[in-house]
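Engineer: Let me begin by handing over the structure; questions about it come next.
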Amino acid sequence: MFDLPLLTYVATMSVTPGPNNLMLAASGVNFGFRRTVPHLLGVSIGHAVQVAIVATALAWVLAWIEAARPALVATGCAYLLWLAYRQARAGEPGAGGKSRPLGFVGAALFQWVNPKAWMMVLNVAILFLPRGSGWQTAAMLAVFCAVINLPCIALWAVAGDRLRTWMQQPRMLRLFNYSMAAMLGATALWILAGEMLSK
């Protein structure tokens with residue numbers, strides 16, 4: 001039912017840089033892979049739930065998303081800026097302070113304000129959901145997307161975990177966290193600028 005073009009689209013969109021993957025890499029560096037697993041699963045399961053809902057209610061979502069787009073963009077960018085601030089203030093590896101990785105629920109809910117996730121989900125539903133499909137087909141599409149998405153995004157968490165040993169010096173970790181925070185912040189500002197220029 002689902003073919004190679006869908007697989008390559010989901011894999012490409014899942015593995016390329018974006019807010020989820022930057023946060024997963026940063027979490028891997030700061031907390032290690034094991035503590036990043038709830039975040040990782042939250043992204044993948046949250047993505048699958050989003051695909052299922054959007055694919056099931058495609059016509060309604062397409063009408064609603066255009067009206068809600070400014071609010072979604074503003075909310076998503078505000079959240080990215082908050083995450084960038086939080087990333088810049090992240091602690092040293094292994095430090096027991098207040099810092100902790102993003103959890104399953106937070107990561108799953110983030111999909112609903114993540115502009116890249118919306119673009120991916122809408123394209124999957126529009127391009128790959130067979131006409132006249134019911135909720136069962138949408139659910140199968142969602143599972144398929146989660147199965148492809150999870151190993152792709154896991155690469156980012158594993159890469160972060162591998163960098164963790166190099167980041168034991170507080171100065172190096174601060175430099176990394178500031179760099180990741182700057183990239184998240186720049187992503188938010190780039191999205192906002194694109195939204196304002198498209199009007």
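By convention in this document, the chains of the structure tokens carry letters A, B, ... by their order, each chain's residues are numbered from 1, and ligands are numbered from 1 in the order they are shown.
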Tell me, as a PyMOL selection string, which residues lie within 12 Å of A:Ala138, counting only C-alpha atoms; anything in the same chain fewer than 6 positions away does not count.
Structural biologist: chain A and resi 1-2+48-58+121+124-126+128-132+144-145
Engineer: Taking N, CA, C and O atoms for each residue, export the selection above as an mmCIF file, in the first residue's frame.
Structural biologist:
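The result, written out as part_39.cif:
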data_model
loop_
_atom_site.group_PDB
_atom_site.id
_atom_site.type_symbol
_atom_site.label_atom_id
_atom_site.label_comp_id
_atom_site.auth_asym_id
_atom_site.auth_seq_id
_atom_site.Cartn_x
_atom_site.Cartn_y
_atom_site.Cartn_z
ATOM 1 N N MET A 1 0.816 -1.194 0.000
ATOM 2 C CA MET A 1 0.000 0.000 0.000
ATOM 3 C C MET A 1 0.863 1.262 0.000
ATOM 4 O O MET A 1 0.665 2.162 -0.783
ATOM 5 N N PHE A 2 1.843 1.342 0.931
ATOM 6 C CA PHE A 2 2.720 2.498 0.992
ATOM 7 C C PHE A 2 4.018 2.124 0.298
ATOM 8 O O PHE A 2 4.572 1.062 0.516
ATOM 9 N N ALA A 48 3.407 10.371 14.752
ATOM 10 C CA ALA A 48 2.439 9.385 14.250
ATOM 11 C C ALA A 48 1.011 9.800 14.578
ATOM 12 O O ALA A 48 0.113 9.690 13.731
ATOM 13 N N VAL A 49 0.778 10.279 15.787
ATOM 14 C CA VAL A 49 -0.560 10.728 16.170
ATOM 15 C C VAL A 49 -0.984 11.904 15.302
ATOM 16 O O VAL A 49 -2.121 11.978 14.825
ATOM 17 N N GLN A 50 -0.048 12.804 15.061
ATOM 18 C CA GLN A 50 -0.346 13.959 14.215
ATOM 19 C C GLN A 50 -0.692 13.510 12.796
ATOM 20 O O GLN A 50 -1.653 14.010 12.194
ATOM 21 N N VAL A 51 0.074 12.569 12.243
ATOM 22 C CA VAL A 51 -0.232 12.042 10.904
ATOM 23 C C VAL A 51 -1.626 11.426 10.886
ATOM 24 O O VAL A 51 -2.428 11.693 9.984
ATOM 25 N N ALA A 52 -1.944 10.610 11.893
ATOM 26 C CA ALA A 52 -3.250 9.938 11.921
ATOM 27 C C ALA A 52 -4.390 10.947 11.967
ATOM 28 O O ALA A 52 -5.369 10.831 11.222
ATOM 29 N N ILE A 53 -4.274 11.928 12.822
ATOM 30 C CA ILE A 53 -5.352 12.911 12.959
ATOM 31 C C ILE A 53 -5.478 13.759 11.704
ATOM 32 O O ILE A 53 -6.583 13.979 11.191
ATOM 33 N N VAL A 54 -4.353 14.244 11.195
ATOM 34 C CA VAL A 54 -4.395 15.109 10.014
ATOM 35 C C VAL A 54 -4.879 14.335 8.792
ATOM 36 O O VAL A 54 -5.697 14.837 8.016
ATOM 37 N N ALA A 55 -4.394 13.116 8.631
ATOM 38 C CA ALA A 55 -4.827 12.325 7.476
ATOM 39 C C ALA A 55 -6.309 11.975 7.559
ATOM 40 O O ALA A 55 -7.003 11.955 6.550
ATOM 41 N N THR A 56 -6.813 11.727 8.756
ATOM 42 C CA THR A 56 -8.227 11.391 8.930
ATOM 43 C C THR A 56 -9.127 12.584 8.640
ATOM 44 O O THR A 56 -10.184 12.460 8.049
ATOM 45 N N ALA A 57 -8.692 13.754 9.053
ATOM 46 C CA ALA A 57 -9.529 14.942 8.919
ATOM 47 C C ALA A 57 -8.922 15.944 7.942
ATOM 48 O O ALA A 57 -8.959 17.151 8.161
ATOM 49 N N LEU A 58 -8.374 15.456 6.849
ATOM 50 C CA LEU A 58 -7.605 16.287 5.932
ATOM 51 C C LEU A 58 -8.367 17.517 5.435
ATOM 52 O O LEU A 58 -7.854 18.627 5.463
ATOM 53 N N VAL A 121 3.764 16.513 7.805
ATOM 54 C CA VAL A 121 2.510 15.775 7.983
ATOM 55 C C VAL A 121 1.497 16.117 6.884
ATOM 56 O O VAL A 121 0.840 15.229 6.334
ATOM 57 N N VAL A 124 2.602 14.457 3.673
ATOM 58 C CA VAL A 124 2.350 13.016 3.717
ATOM 59 C C VAL A 124 0.869 12.734 3.470
ATOM 60 O O VAL A 124 0.507 11.872 2.664
ATOM 61 N N ALA A 125 -0.007 13.472 4.155
ATOM 62 C CA ALA A 125 -1.444 13.232 4.011
ATOM 63 C C ALA A 125 -1.933 13.566 2.608
ATOM 64 O O ALA A 125 -2.716 12.821 2.022
ATOM 65 N N ILE A 126 -1.454 14.676 2.052
ATOM 66 C CA ILE A 126 -1.909 15.097 0.723
ATOM 67 C C ILE A 126 -1.353 14.203 -0.374
ATOM 68 O O ILE A 126 -2.074 13.794 -1.286
ATOM 69 N N PHE A 128 0.314 11.101 -0.139
ATOM 70 C CA PHE A 128 0.431 9.650 -0.040
ATOM 71 C C PHE A 128 -0.793 8.927 0.500
ATOM 72 O O PHE A 128 -0.825 7.702 0.499
ATOM 73 N N LEU A 129 -1.789 9.650 0.978
ATOM 74 C CA LEU A 129 -3.001 8.982 1.463
ATOM 75 C C LEU A 129 -3.912 8.712 0.279
ATOM 76 O O LEU A 129 -4.312 9.640 -0.424
ATOM 77 N N PRO A 130 -4.252 7.446 0.012
ATOM 78 C CA PRO A 130 -5.125 7.143 -1.119
ATOM 79 C C PRO A 130 -6.492 7.818 -0.969
ATOM 80 O O PRO A 130 -7.008 7.963 0.134
ATOM 81 N N ARG A 131 -7.065 8.245 -2.087
ATOM 82 C CA ARG A 131 -8.383 8.897 -2.059
ATOM 83 C C ARG A 131 -9.429 7.976 -1.461
ATOM 84 O O ARG A 131 -9.420 6.777 -1.690
ATOM 85 N N GLY A 132 -10.320 8.591 -0.717
ATOM 86 C CA GLY A 132 -11.413 7.836 -0.128
ATOM 87 C C GLY A 132 -10.998 6.937 1.025
ATOM 88 O O GLY A 132 -11.739 6.041 1.414
ATOM 89 N N PHE A 144 3.328 3.538 9.834
ATOM 90 C CA PHE A 144 4.411 3.481 8.850
ATOM 91 C C PHE A 144 5.361 4.660 9.048
ATOM 92 O O PHE A 144 6.580 4.482 9.079
ATOM 93 N N CYS A 145 4.801 5.864 9.211
ATOM 94 C CA CYS A 145 5.631 7.060 9.389
ATOM 95 C C CYS A 145 6.453 6.968 10.677
ATOM 96 O O CYS A 145 7.629 7.332 10.694
#
Engineer: Counting only C-alpha atoms, which residues of stretch 133-192 of chain A sit at most 8 Å from some atom of stretch 29-37 of chain A, and what is each one's closest atom pair with its distance in Å to one decimal, listed by chain and rising residue number, as a Markdown table?
Structural biologist:
| residue | atom | partner | partner_atom | distance |
| --- | --- | --- | --- | --- |
| A:Ala157 | CA | A:Phe33 | CA | 6.0 |
| A:Val158 | CA | A:Phe33 | CA | 6.0 |
| A:Gly160 | CA | A:Val29 | CA | 4.4 |
| A:Asp161 | CA | A:Gly32 | CA | 4.8 |
| A:Arg162 | CA | A:Val29 | CA | 7.3 |
| A:Leu163 | CA | A:Val29 | CA | 5.9 |
| A:Arg164 | CA | A:Val29 | CA | 4.4 |
| A:Met167 | CA | A:Val29 | CA | 7.3 |
Engineer: Let me see the file: selected residues, all heavy atoms, as a PDB file, in the first residue's frame.
Structural biologist:
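part_0.pdb written:
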ATOM      1  N   ALA A 157      20.051  11.840  18.384  1.00  0.00           N
ATOM      2  CA  ALA A 157      20.264  11.617  19.814  1.00  0.00           C
ATOM      3  C   ALA A 157      21.547  10.819  20.052  1.00  0.00           C
ATOM      4  O   ALA A 157      22.316  11.108  20.984  1.00  0.00           O
ATOM      5  CB  ALA A 157      19.067  10.896  20.422  1.00  0.00           C
ATOM      6  N   VAL A 158      21.808   9.819  19.214  1.00  0.00           N
ATOM      7  CA  VAL A 158      23.031   9.021  19.335  1.00  0.00           C
ATOM      8  C   VAL A 158      24.254   9.893  19.056  1.00  0.00           C
ATOM      9  O   VAL A 158      25.260   9.818  19.777  1.00  0.00           O
ATOM     10  CB  VAL A 158      22.995   7.798  18.385  1.00  0.00           C
ATOM     11  CG1 VAL A 158      24.352   7.128  18.282  1.00  0.00           C
ATOM     12  CG2 VAL A 158      21.941   6.799  18.849  1.00  0.00           C
ATOM     13  N   GLY A 160      24.514  13.081  19.505  1.00  0.00           N
ATOM     14  CA  GLY A 160      24.692  13.910  20.692  1.00  0.00           C
ATOM     15  C   GLY A 160      25.328  13.128  21.827  1.00  0.00           C
ATOM     16  O   GLY A 160      26.218  13.628  22.526  1.00  0.00           O
ATOM     17  N   ASP A 161      24.872  11.896  22.021  1.00  0.00           N
ATOM     18  CA  ASP A 161      25.428  11.050  23.074  1.00  0.00           C
ATOM     19  C   ASP A 161      26.917  10.797  22.839  1.00  0.00           C
ATOM     20  O   ASP A 161      27.713  10.803  23.777  1.00  0.00           O
ATOM     21  CB  ASP A 161      24.653   9.731  23.131  1.00  0.00           C
ATOM     22  CG  ASP A 161      25.127   8.838  24.254  1.00  0.00           C
ATOM     23  OD1 ASP A 161      25.061   9.270  25.423  1.00  0.00           O
ATOM     24  OD2 ASP A 161      25.571   7.701  23.964  1.00  0.00           O
ATOM     25  N   ARG A 162      27.311  10.576  21.589  1.00  0.00           N
ATOM     26  CA  ARG A 162      28.724  10.331  21.263  1.00  0.00           C
ATOM     27  C   ARG A 162      29.566  11.590  21.497  1.00  0.00           C
ATOM     28  O   ARG A 162      30.721  11.504  21.903  1.00  0.00           O
ATOM     29  CB  ARG A 162      28.891   9.862  19.808  1.00  0.00           C
ATOM     30  CG  ARG A 162      28.234   8.536  19.512  1.00  0.00           C
ATOM     31  CD  ARG A 162      28.831   7.414  20.359  1.00  0.00           C
ATOM     32  NE  ARG A 162      28.177   6.167  20.114  1.00  0.00           N
ATOM     33  CZ  ARG A 162      27.372   5.547  20.960  1.00  0.00           C
ATOM     34  NH1 ARG A 162      27.120   6.085  22.135  1.00  0.00           N
ATOM     35  NH2 ARG A 162      26.816   4.403  20.670  1.00  0.00           N
ATOM     36  N   LEU A 163      28.985  12.755  21.232  1.00  0.00           N
ATOM     37  CA  LEU A 163      29.692  14.009  21.483  1.00  0.00           C
ATOM     38  C   LEU A 163      29.847  14.286  22.978  1.00  0.00           C
ATOM     39  O   LEU A 163      30.705  15.064  23.384  1.00  0.00           O
ATOM     40  CB  LEU A 163      28.928  15.181  20.848  1.00  0.00           C
ATOM     41  CG  LEU A 163      29.079  15.381  19.355  1.00  0.00           C
ATOM     42  CD1 LEU A 163      28.125  16.460  18.868  1.00  0.00           C
ATOM     43  CD2 LEU A 163      30.517  15.760  19.010  1.00  0.00           C
ATOM     44  N   ARG A 164      29.021  13.663  23.763  1.00  0.00           N
ATOM     45  CA  ARG A 164      28.995  13.890  25.215  1.00  0.00           C
ATOM     46  C   ARG A 164      30.368  13.720  25.847  1.00  0.00           C
ATOM     47  O   ARG A 164      30.766  14.505  26.711  1.00  0.00           O
ATOM     48  CB  ARG A 164      27.977  12.934  25.834  1.00  0.00           C
ATOM     49  CG  ARG A 164      27.763  13.078  27.305  1.00  0.00           C
ATOM     50  CD  ARG A 164      26.675  12.088  27.721  1.00  0.00           C
ATOM     51  NE  ARG A 164      26.581  11.943  29.148  1.00  0.00           N
ATOM     52  CZ  ARG A 164      25.822  12.698  29.915  1.00  0.00           C
ATOM     53  NH1 ARG A 164      25.093  13.647  29.385  1.00  0.00           N
ATOM     54  NH2 ARG A 164      25.779  12.505  31.210  1.00  0.00           N
ATOM     55  N   MET A 167      32.478  16.661  25.479  1.00  0.00           N
ATOM     56  CA  MET A 167      31.934  17.871  26.102  1.00  0.00           C
ATOM     57  C   MET A 167      32.083  17.872  27.619  1.00  0.00           C
ATOM     58  O   MET A 167      31.363  18.570  28.308  1.00  0.00           O
ATOM     59  CB  MET A 167      30.444  18.016  25.749  1.00  0.00           C
ATOM     60  CG  MET A 167      30.152  18.106  24.288  1.00  0.00           C
ATOM     61  SD  MET A 167      30.733  19.666  23.628  1.00  0.00           S
ATOM     62  CE  MET A 167      30.729  19.284  21.893  1.00  0.00           C
TER      63      MET A 167
END
Engineer: List every residue of chain A that DSSP, applied to the backbone of this structure, places in alpha helix (DSSP H), and write the result as a VMD selection string.
Structural biologist: chain A and resid 4 to 15 19 to 56 58 to 88 104 to 110 115 to 128 135 to 164 170 to 197
Engineer: Name the closest residue to A:Met23 among the candidates A:Ile148, A:Ala78, A:Ala88, A:Ile191; distances are taken between atoms, counting only C-alpha atoms.
Structural biologist: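 Smallest distance to A:Met23 is found for A:Ala88.
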Engineer: Would you compute the distance between atom CA of A:Leu189 and atom CA of A:Val10? Give it in Å to one decimal.
Structural biologist: 25.2 Å
Engineer: Applying 9 Å and only C-alpha atoms, which residues near A:Val113 remain after dropping the ones on its own chain fewer than 6 positions away? List them as a list in words.
Structural biologist: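 Counting only the stated atoms, we get Leu72, Val73, Ala74, Thr75, Gly76, Cys77 and Tyr79 of chain A.
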Engineer: Can you work out which one of A:Ala159, A:Ala108, A:Leu127, A:Ala117 has the shortest atom-to-atom distance to A:Pro5, counting only C-alpha atoms?
Structural biologist: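 Smallest separation from A:Pro5 among the options: A:Leu127.
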Engineer: Just to confirm, what's the straight-line distance from atom CA of A:Ala139 to atom CA of A:Ile45 in Å (one decimal)?
Structural biologist: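 Computing it gives 12.0 Å between the two atoms.
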Engineer: Skip stretch 171-174 of chain A itself and residues of its chain fewer than 2 positions away, then list as a PyMOL selection string all residues within 10 Å of it, counting only C-alpha atoms.
Structural biologist: chain A and resi 29-30+87-93+163-164+166-169+176-180
Engineer: How far is it from atom CA of A:Asn149 to atom CA of A:Pro115, in Å with one decimal?
Structural biologist: 16.4 Å
Engineer: Go through A:Met119, A:Ala188, A:Ala154, A:Ala67 one by one, measure the shortest atom-to-atom distance of each to A:Asn21 using only C-alpha atoms, and give the residue with the smallest value.
Structural biologist: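 Residue with the minimum atom-to-atom distance to A:Asn21: A:Ala154.
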Engineer: Taking only C-alpha atoms into account, which of A:Trp118, A:Trp156, A:Trp135, A:Phe110 comes nearest A:Pro17?
Structural biologist: A:Trp156
